[in-house]
Amino acid sequence: MIDPDMCPGPIRSQFASDEEMRELVRMFVDEMPARIAALRDAWDASHSKQIESLAHQLKGAAAGYGFAIVGDAAAELESALRSSEHDLSSVRAQFDALVDLCSRAAC
C-alpha cells in the first residue's frame, strides 16, 4: 500500500518545470478540491461504485499530469474496491491515503 508519509509535504508534478504543461498542471491542481469533495461525498453515501469510478478517473489523470504517486494510490483504491466486493470498511486506509495525497498536490 502507498504510504503518504513517504512523500511528506506538497507533491509536485514531474512536469512542474515544463512550460507547455504548466498551465494544464495548474488546472489539474485547481480541480483537486472538487475531486476530493466528490470522493468524500461518495464515501459518506457509501457509494462504492462511484468511489471506484472516481479513483479510476484519478488514476489516469494524475499520471497524465505528472502526479504518479497520486495515480498509484488511486489504482490501489480502485483495485481494492474491485477485490473487496465493495466493502468500504476494508478499503478505508487506501481511501484515506488517496485523499491525503490529493490534498497535497501542488503546482
# chains A, B, ... in the order shown; residues from 1 in each chain; ligands from 1

$ residues_around --residues "Tyr65 in chain A" --least-positions-apart "6" --cutoff "10 Å" --atoms "only C-alpha atoms" --output "NGL selection string"
:A and (13-16 or 21-22 or 24-29 or 71)

$ atom_distance --atom1 "CA of Arg82 in chain A" --atom2 "CA of Ala106 in chain A"
29.2 Å

$ closest_residue --among "A:Asp41, A:Pro10, A:Ala62, A:Ile2" --to "Leu77 in chain A" --atoms "only C-alpha atoms"
A:Ile2

$ residues_around --residues "Ile11 in chain A" --least-positions-apart "6" --cutoff "9 Å" --atoms "only C-alpha atoms" --output "ChimeraX atom specification"
/A:67,69-70,101-107

$ write_last_selection --atoms "N, CA, C and O atoms" --output "PDB file, in the first residue's frame"
ATOM      1  N   PHE A  67       1.623  13.334 -11.650  1.00  0.00           N
ATOM      2  CA  PHE A  67       1.481  13.025 -10.231  1.00  0.00           C
ATOM      3  C   PHE A  67       1.379  11.504 -10.072  1.00  0.00           C
ATOM      4  O   PHE A  67       0.326  10.971  -9.705  1.00  0.00           O
ATOM      5  N   ILE A  69       2.466   9.314  -7.929  1.00  0.00           N
ATOM      6  CA  ILE A  69       2.125   8.738  -6.630  1.00  0.00           C
ATOM      7  C   ILE A  69       0.617   8.819  -6.369  1.00  0.00           C
ATOM      8  O   ILE A  69       0.028   7.918  -5.780  1.00  0.00           O
ATOM      9  N   VAL A  70      -0.015   9.884  -6.850  1.00  0.00           N
ATOM     10  CA  VAL A  70      -1.468  10.015  -6.716  1.00  0.00           C
ATOM     11  C   VAL A  70      -2.152   8.973  -7.601  1.00  0.00           C
ATOM     12  O   VAL A  70      -3.096   8.298  -7.180  1.00  0.00           O
ATOM     13  N   LEU A 101      -2.991  12.324  -0.304  1.00  0.00           N
ATOM     14  CA  LEU A 101      -2.087  12.669  -1.401  1.00  0.00           C
ATOM     15  C   LEU A 101      -2.718  13.725  -2.321  1.00  0.00           C
ATOM     16  O   LEU A 101      -2.038  14.652  -2.754  1.00  0.00           O
ATOM     17  N   CYS A 102      -4.000  13.574  -2.608  1.00  0.00           N
ATOM     18  CA  CYS A 102      -4.687  14.553  -3.451  1.00  0.00           C
ATOM     19  C   CYS A 102      -4.645  15.943  -2.818  1.00  0.00           C
ATOM     20  O   CYS A 102      -4.461  16.938  -3.507  1.00  0.00           O
ATOM     21  N   SER A 103      -4.812  15.988  -1.513  1.00  0.00           N
ATOM     22  CA  SER A 103      -4.843  17.275  -0.828  1.00  0.00           C
ATOM     23  C   SER A 103      -3.485  17.976  -0.837  1.00  0.00           C
ATOM     24  O   SER A 103      -3.391  19.176  -0.618  1.00  0.00           O
ATOM     25  N   ARG A 104      -2.434  17.226  -1.128  1.00  0.00           N
ATOM     26  CA  ARG A 104      -1.088  17.814  -1.143  1.00  0.00           C
ATOM     27  C   ARG A 104      -0.549  18.076  -2.548  1.00  0.00           C
ATOM     28  O   ARG A 104       0.573  18.543  -2.705  1.00  0.00           O
ATOM     29  N   ALA A 105      -1.354  17.790  -3.564  1.00  0.00           N
ATOM     30  CA  ALA A 105      -0.924  18.070  -4.942  1.00  0.00           C
ATOM     31  C   ALA A 105      -0.740  19.584  -5.110  1.00  0.00           C
ATOM     32  O   ALA A 105      -1.579  20.363  -4.709  1.00  0.00           O
ATOM     33  N   ALA A 106       0.391  19.960  -5.670  1.00  0.00           N
ATOM     34  CA  ALA A 106       0.719  21.379  -5.825  1.00  0.00           C
ATOM     35  C   ALA A 106       1.387  21.612  -7.167  1.00  0.00           C
ATOM     36  O   ALA A 106       1.914  20.687  -7.783  1.00  0.00           O
ATOM     37  N   CYS A 107       1.356  22.852  -7.606  1.00  0.00           N
ATOM     38  CA  CYS A 107       1.994  23.213  -8.888  1.00  0.00           C
ATOM     39  C   CYS A 107       3.500  23.321  -8.735  1.00  0.00           C
ATOM     40  O   CYS A 107       4.015  23.581  -7.708  1.00  0.00           O
TER      41      CYS A 107
END

$ atom_distance --atom1 "CA of Glu20 in chain A" --atom2 "CA of Gly60 in chain A"
19.3 Å

$ residues_around --residues "Ala75 in chain A" --least-positions-apart "4" --cutoff "8 Å" --atoms "only C-alpha atoms" --output "list in words"
Ala55, His56, Lys59, Gly71 and Ser79 of chain A

$ closest_residue --among "A:Glu23, A:Leu54, A:Pro8, A:Gly66" --to "Ala38 in chain A" --atoms "only C-alpha atoms"
A:Leu54

$ closest_residue --among "A:Ser17, A:Ala73, A:Asp96, A:Arg35" --to "Gln50 in chain A" --atoms "only C-alpha atoms"
A:Arg35

$ decode --residues "range 38-58 of chain A" --atoms "N, CA, C and O atoms" --output "compact mmCIF listing (two decimals), in the first residue's frame"
# COMPACT_ATOMS: atom_id res chain seq x y z
N ALA A 38 -15.85 15.20 -4.04
CA ALA A 38 -16.64 14.15 -4.68
C ALA A 38 -16.32 12.78 -4.05
O ALA A 38 -17.23 11.98 -3.81
N LEU A 39 -15.05 12.53 -3.80
CA LEU A 39 -14.66 11.28 -3.15
C LEU A 39 -15.29 11.17 -1.76
O LEU A 39 -15.86 10.14 -1.40
N ARG A 40 -15.19 12.25 -1.00
CA ARG A 40 -15.74 12.23 0.37
C ARG A 40 -17.26 12.09 0.36
O ARG A 40 -17.83 11.38 1.19
N ASP A 41 -17.92 12.78 -0.56
CA ASP A 41 -19.38 12.67 -0.66
C ASP A 41 -19.79 11.24 -0.99
O ASP A 41 -20.74 10.70 -0.40
N ALA A 42 -19.07 10.62 -1.93
CA ALA A 42 -19.37 9.24 -2.30
C ALA A 42 -19.11 8.30 -1.12
O ALA A 42 -19.88 7.37 -0.88
N TRP A 43 -18.04 8.56 -0.39
CA TRP A 43 -17.73 7.74 0.79
C TRP A 43 -18.83 7.87 1.83
O TRP A 43 -19.33 6.87 2.35
N ASP A 44 -19.21 9.11 2.12
CA ASP A 44 -20.25 9.35 3.13
C ASP A 44 -21.58 8.71 2.76
O ASP A 44 -22.34 8.31 3.63
N ALA A 45 -21.83 8.61 1.46
CA ALA A 45 -23.07 8.00 0.98
C ALA A 45 -22.92 6.49 0.75
O ALA A 45 -23.86 5.84 0.30
N SER A 46 -21.73 5.97 1.04
CA SER A 46 -21.42 4.54 0.84
C SER A 46 -21.64 4.09 -0.60
O SER A 46 -22.08 2.97 -0.86
N HIS A 47 -21.31 4.95 -1.54
CA HIS A 47 -21.43 4.63 -2.97
C HIS A 47 -20.10 4.07 -3.48
O HIS A 47 -19.30 4.79 -4.09
N SER A 48 -19.89 2.81 -3.25
CA SER A 48 -18.62 2.21 -3.61
C SER A 48 -18.34 2.25 -5.11
O SER A 48 -17.20 2.45 -5.53
N LYS A 49 -19.36 2.07 -5.92
CA LYS A 49 -19.17 2.11 -7.38
C LYS A 49 -18.73 3.51 -7.82
O LYS A 49 -17.90 3.65 -8.71
N GLN A 50 -19.28 4.53 -7.20
CA GLN A 50 -18.89 5.90 -7.54
C GLN A 50 -17.46 6.17 -7.09
O GLN A 50 -16.69 6.80 -7.82
N ILE A 51 -17.08 5.69 -5.93
CA ILE A 51 -15.70 5.85 -5.46
C ILE A 51 -14.76 5.14 -6.42
O ILE A 51 -13.72 5.68 -6.80
N GLU A 52 -15.14 3.95 -6.83
CA GLU A 52 -14.31 3.19 -7.78
C GLU A 52 -14.15 3.97 -9.09
O GLU A 52 -13.05 4.04 -9.65
N SER A 53 -15.24 4.56 -9.57
CA SER A 53 -15.19 5.34 -10.80
C SER A 53 -14.31 6.58 -10.65
O SER A 53 -13.49 6.89 -11.53
N LEU A 54 -14.45 7.27 -9.54
CA LEU A 54 -13.62 8.46 -9.29
C LEU A 54 -12.15 8.09 -9.16
O LEU A 54 -11.27 8.80 -9.67
N ALA A 55 -11.88 6.97 -8.50
CA ALA A 55 -10.49 6.51 -8.38
C ALA A 55 -9.93 6.16 -9.75
O ALA A 55 -8.77 6.48 -10.06
N HIS A 56 -10.73 5.52 -10.58
CA HIS A 56 -10.30 5.16 -11.93
C HIS A 56 -9.95 6.42 -12.74
O HIS A 56 -8.91 6.48 -13.41
N GLN A 57 -10.79 7.43 -12.65
CA GLN A 57 -10.53 8.70 -13.35
C GLN A 57 -9.25 9.35 -12.85
O GLN A 57 -8.43 9.82 -13.64
N LEU A 58 -9.07 9.35 -11.54
CA LEU A 58 -7.86 9.94 -10.95
C LEU A 58 -6.61 9.17 -11.34
O LEU A 58 -5.56 9.77 -11.55
